[in-house]
Structures are given as structure tokens and as C-alpha cells.
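Asker: Sharing a structure, written as C-alpha cells. Questions coming.
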Amino acid sequence: MDSLAIGAESADAELLKKINKGTEPADIERTINILDDYEIFPKITYIFGLPGDNIGKMRKTIKQAKYLKEINNKVICFACFFQPYPGTELYQEAIKCGYHKLSGLEQWATMNPQSQLGKIPWLSIDEMDQYKEEFNASDCFSAY
């Protein structure tokens, strides 16, 4: 069987607009419905912790991932965690929102890989604890 990787990124329209995705949450759902008629395994990726992300937006994305698996049992969902890259608009926004600015290759080498949920500076400690707890309990994302 063939697979098709699709970067859904988020189920929140505001976050999709912020990252210039050019899609709406309903677009991914329509695509998965269409692919259900074919022998294709959709591999859907989401990014958590984008600037402006919060518990409500995370819940919306988890709900969509679960829904996609319900409407097409071939769907596999993966989670990535936001890492700002220098020179991008999101990097500048992340710095303004409290992301610790890294300098030098040594500091960049210490960054957590995208497969690990690190501290999201725009969430309080309590919000971050709740975010981690609910994300880990979601049980709808496969490991890379």
C-alpha cells in the first residue's frame, strides 16, 4: 500500500492563518474522506506549541485527529512540536512571546528534538502541566 504525508499542522483556523498554511480545518477532513476510497495510508502531521497555541486549540486539534481516524481507519497521525528557526516570522514572534533566544551552535545543539514536548513559553506553568497531561492522554499520535 502507498502512503501520503499531509501536513495538517492544526485544526485551528487562526493558527493555520498565522503560519500561512492556505487551508482551513475542513480541507483536511474532506481530503481524508476522499482518500478513504483508495488504498492509500494518509499520514497526517500536526504541530503543537505554535505561537498562540493554547489548551483549547490543542483540544480542537486532538479532536480532529481522532475524528480523521474514525472516518478513515487507514489514517496515522503524528505530532511535531514547534521549534522556531532563525530568520522566520514565527521565530521573531516566538521571541516576543517569551521563547528563549538561542545564540551559537552550542545552544542550538541542546534544543529538544521536534518529537518531544518542551516548555511552551506562552503558557503558564499550570497551563503547561495541563497541556502536557491532556496531550499525553490523547493516545491518538504515533511515534516517528
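FYI, nothing fancy with the C-alpha cells labels: chains A, B, ... in order, residues from 1 per chain, ligands from 1 as they appear.
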Please return, as an MDAnalysis selection string, all residues of chain A that DSSP assigns to strand (DSSP E) on the basis of the backbone.
Answerer: chainID A and resid 2:9 40:48 76:81
Asker: Near region 17-31 of chain A, counting only C-alpha atoms, which residues have an atom at most 12 Å away, once you skip same-chain residues fewer than 3 positions from it, shown as a PyMOL selection string?
Answerer: chain A and resi 4-14+34-38+40+42-47+50-53+57+60-61+63-72+75+82+84+88-91+93
Asker: Output C-alpha atoms of each residue in that selection to a file, as a PDB file, in the first residue's frame.
Answerer:
ATOM      1  CA  LEU A   4       0.586  10.095   1.511  1.00  0.00           C
ATOM      2  CA  ALA A   5       2.069  12.524   4.046  1.00  0.00           C
ATOM      3  CA  ILE A   6      -0.117  15.548   4.714  1.00  0.00           C
ATOM      4  CA  GLY A   7       0.873  18.445   6.950  1.00  0.00           C
ATOM      5  CA  ALA A   8      -2.414  19.421   8.587  1.00  0.00           C
ATOM      6  CA  GLU A   9      -0.444  21.380  11.245  1.00  0.00           C
ATOM      7  CA  SER A  10      -3.508  22.340  13.334  1.00  0.00           C
ATOM      8  CA  ALA A  11      -7.282  22.115  13.456  1.00  0.00           C
ATOM      9  CA  ASP A  12      -7.461  25.767  14.494  1.00  0.00           C
ATOM     10  CA  ALA A  13      -8.174  28.219  11.661  1.00  0.00           C
ATOM     11  CA  GLU A  14      -6.410  31.079  13.465  1.00  0.00           C
ATOM     12  CA  ILE A  34     -11.755  11.215  -0.430  1.00  0.00           C
ATOM     13  CA  LEU A  35      -8.689   9.096   0.349  1.00  0.00           C
ATOM     14  CA  ASP A  36     -10.840   6.522   2.144  1.00  0.00           C
ATOM     15  CA  ASP A  37     -11.902   5.256  -1.301  1.00  0.00           C
ATOM     16  CA  TYR A  38      -8.302   4.370  -2.176  1.00  0.00           C
ATOM     17  CA  ILE A  40      -3.596   4.912   0.471  1.00  0.00           C
ATOM     18  CA  PRO A  42      -2.772   9.060   4.950  1.00  0.00           C
ATOM     19  CA  LYS A  43      -0.005  10.134   7.342  1.00  0.00           C
ATOM     20  CA  ILE A  44      -1.166  13.341   8.984  1.00  0.00           C
ATOM     21  CA  THR A  45       1.252  15.601  10.849  1.00  0.00           C
ATOM     22  CA  TYR A  46       0.323  18.250  13.401  1.00  0.00           C
ATOM     23  CA  ILE A  47       2.489  20.901  15.054  1.00  0.00           C
ATOM     24  CA  LEU A  50       2.933  27.231  17.801  1.00  0.00           C
ATOM     25  CA  PRO A  51       2.873  30.866  18.982  1.00  0.00           C
ATOM     26  CA  GLY A  52      -0.700  31.490  20.061  1.00  0.00           C
ATOM     27  CA  ASP A  53      -1.399  27.829  20.787  1.00  0.00           C
ATOM     28  CA  LYS A  57      -6.607  24.891  20.324  1.00  0.00           C
ATOM     29  CA  LYS A  60      -9.519  21.068  18.868  1.00  0.00           C
ATOM     30  CA  THR A  61      -6.551  19.505  17.059  1.00  0.00           C
ATOM     31  CA  LYS A  63     -10.437  16.083  18.402  1.00  0.00           C
ATOM     32  CA  GLN A  64      -9.768  16.416  14.676  1.00  0.00           C
ATOM     33  CA  ALA A  65      -7.050  13.741  14.744  1.00  0.00           C
ATOM     34  CA  LYS A  66      -9.440  11.324  16.465  1.00  0.00           C
ATOM     35  CA  TYR A  67     -12.203  12.183  14.008  1.00  0.00           C
ATOM     36  CA  LEU A  68      -9.930  11.580  11.000  1.00  0.00           C
ATOM     37  CA  LYS A  69      -9.119   8.119  12.355  1.00  0.00           C
ATOM     38  CA  GLU A  70     -12.847   7.421  12.743  1.00  0.00           C
ATOM     39  CA  ILE A  71     -13.754   8.382   9.187  1.00  0.00           C
ATOM     40  CA  ASN A  72     -10.755   6.606   7.629  1.00  0.00           C
ATOM     41  CA  VAL A  75      -5.119   7.356   8.959  1.00  0.00           C
ATOM     42  CA  PHE A  82       7.182  23.806  17.343  1.00  0.00           C
ATOM     43  CA  PRO A  84      11.420  28.356  15.857  1.00  0.00           C
ATOM     44  CA  THR A  88      11.457  33.303  10.081  1.00  0.00           C
ATOM     45  CA  GLU A  89       8.473  35.394  11.128  1.00  0.00           C
ATOM     46  CA  LEU A  90       7.488  32.746  13.664  1.00  0.00           C
ATOM     47  CA  TYR A  91      10.949  32.940  15.249  1.00  0.00           C
ATOM     48  CA  GLU A  93       7.032  36.160  17.190  1.00  0.00           C
TER      49      GLU A  93
END
Asker: From the options A:Ala143, A:Cys77, A:Ala137, A:Met128, which residue's atoms come nearest to Gly49 (chain A), counting only C-alpha atoms?
Answerer: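 That would be A:Met128, the residue with the smallest distance to Gly49 (chain A).
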Asker: Quick one, how far is CA of Asp129 (chain A) from CA of Leu16 (chain A)?
Answerer: 24.3 Å
Asker: For Tyr99 (chain A), please output as an NGL selection string all residues within 10 Å (counting only C-alpha atoms; exclusion window: fewer than 3 positions along the same chain).
Answerer: :A and (51 or 83-84 or 91-96 or 102 or 119-122)
Asker: Those selected residues, please, written with N, CA and C atoms and delivered as a PDB file, in the first residue's frame.
Answerer:
ATOM      1  N   PRO A  51       3.237  29.627  18.288  1.00  0.00           N
ATOM      2  CA  PRO A  51       2.873  30.866  18.982  1.00  0.00           C
ATOM      3  C   PRO A  51       1.367  31.108  18.877  1.00  0.00           C
ATOM      4  N   GLN A  83       9.461  24.334  16.830  1.00  0.00           N
ATOM      5  CA  GLN A  83      10.813  24.819  17.055  1.00  0.00           C
ATOM      6  C   GLN A  83      11.009  26.019  16.142  1.00  0.00           C
ATOM      7  N   PRO A  84      11.240  27.183  16.710  1.00  0.00           N
ATOM      8  CA  PRO A  84      11.420  28.356  15.857  1.00  0.00           C
ATOM      9  C   PRO A  84      12.779  28.349  15.185  1.00  0.00           C
ATOM     10  N   TYR A  91       9.841  32.819  14.290  1.00  0.00           N
ATOM     11  CA  TYR A  91      10.949  32.940  15.249  1.00  0.00           C
ATOM     12  C   TYR A  91      10.845  34.277  15.963  1.00  0.00           C
ATOM     13  N   GLN A  92      10.638  35.338  15.206  1.00  0.00           N
ATOM     14  CA  GLN A  92      10.520  36.669  15.805  1.00  0.00           C
ATOM     15  C   GLN A  92       9.325  36.736  16.747  1.00  0.00           C
ATOM     16  N   GLU A  93       8.214  36.159  16.339  1.00  0.00           N
ATOM     17  CA  GLU A  93       7.032  36.160  17.190  1.00  0.00           C
ATOM     18  C   GLU A  93       7.272  35.333  18.453  1.00  0.00           C
ATOM     19  N   ALA A  94       7.923  34.192  18.307  1.00  0.00           N
ATOM     20  CA  ALA A  94       8.218  33.344  19.463  1.00  0.00           C
ATOM     21  C   ALA A  94       9.091  34.083  20.473  1.00  0.00           C
ATOM     22  N   ILE A  95      10.078  34.824  19.994  1.00  0.00           N
ATOM     23  CA  ILE A  95      10.951  35.606  20.882  1.00  0.00           C
ATOM     24  C   ILE A  95      10.110  36.638  21.626  1.00  0.00           C
ATOM     25  N   LYS A  96       9.221  37.340  20.929  1.00  0.00           N
ATOM     26  CA  LYS A  96       8.355  38.341  21.556  1.00  0.00           C
ATOM     27  C   LYS A  96       7.433  37.721  22.600  1.00  0.00           C
ATOM     28  N   LEU A 102      18.203  31.683  21.315  1.00  0.00           N
ATOM     29  CA  LEU A 102      19.416  30.880  21.334  1.00  0.00           C
ATOM     30  C   LEU A 102      20.492  31.551  20.487  1.00  0.00           C
ATOM     31  N   LYS A 119       8.921  23.075  26.973  1.00  0.00           N
ATOM     32  CA  LYS A 119       8.179  24.186  27.573  1.00  0.00           C
ATOM     33  C   LYS A 119       7.680  25.115  26.477  1.00  0.00           C
ATOM     34  N   ILE A 120       6.418  25.478  26.558  1.00  0.00           N
ATOM     35  CA  ILE A 120       5.818  26.438  25.641  1.00  0.00           C
ATOM     36  C   ILE A 120       5.735  27.756  26.397  1.00  0.00           C
ATOM     37  N   PRO A 121       6.600  28.714  26.064  1.00  0.00           N
ATOM     38  CA  PRO A 121       6.705  29.932  26.874  1.00  0.00           C
ATOM     39  C   PRO A 121       5.430  30.750  26.996  1.00  0.00           C
ATOM     40  N   TRP A 122       4.518  30.637  26.059  1.00  0.00           N
ATOM     41  CA  TRP A 122       3.308  31.442  26.114  1.00  0.00           C
ATOM     42  C   TRP A 122       2.228  30.802  26.949  1.00  0.00           C
TER      43      TRP A 122
END
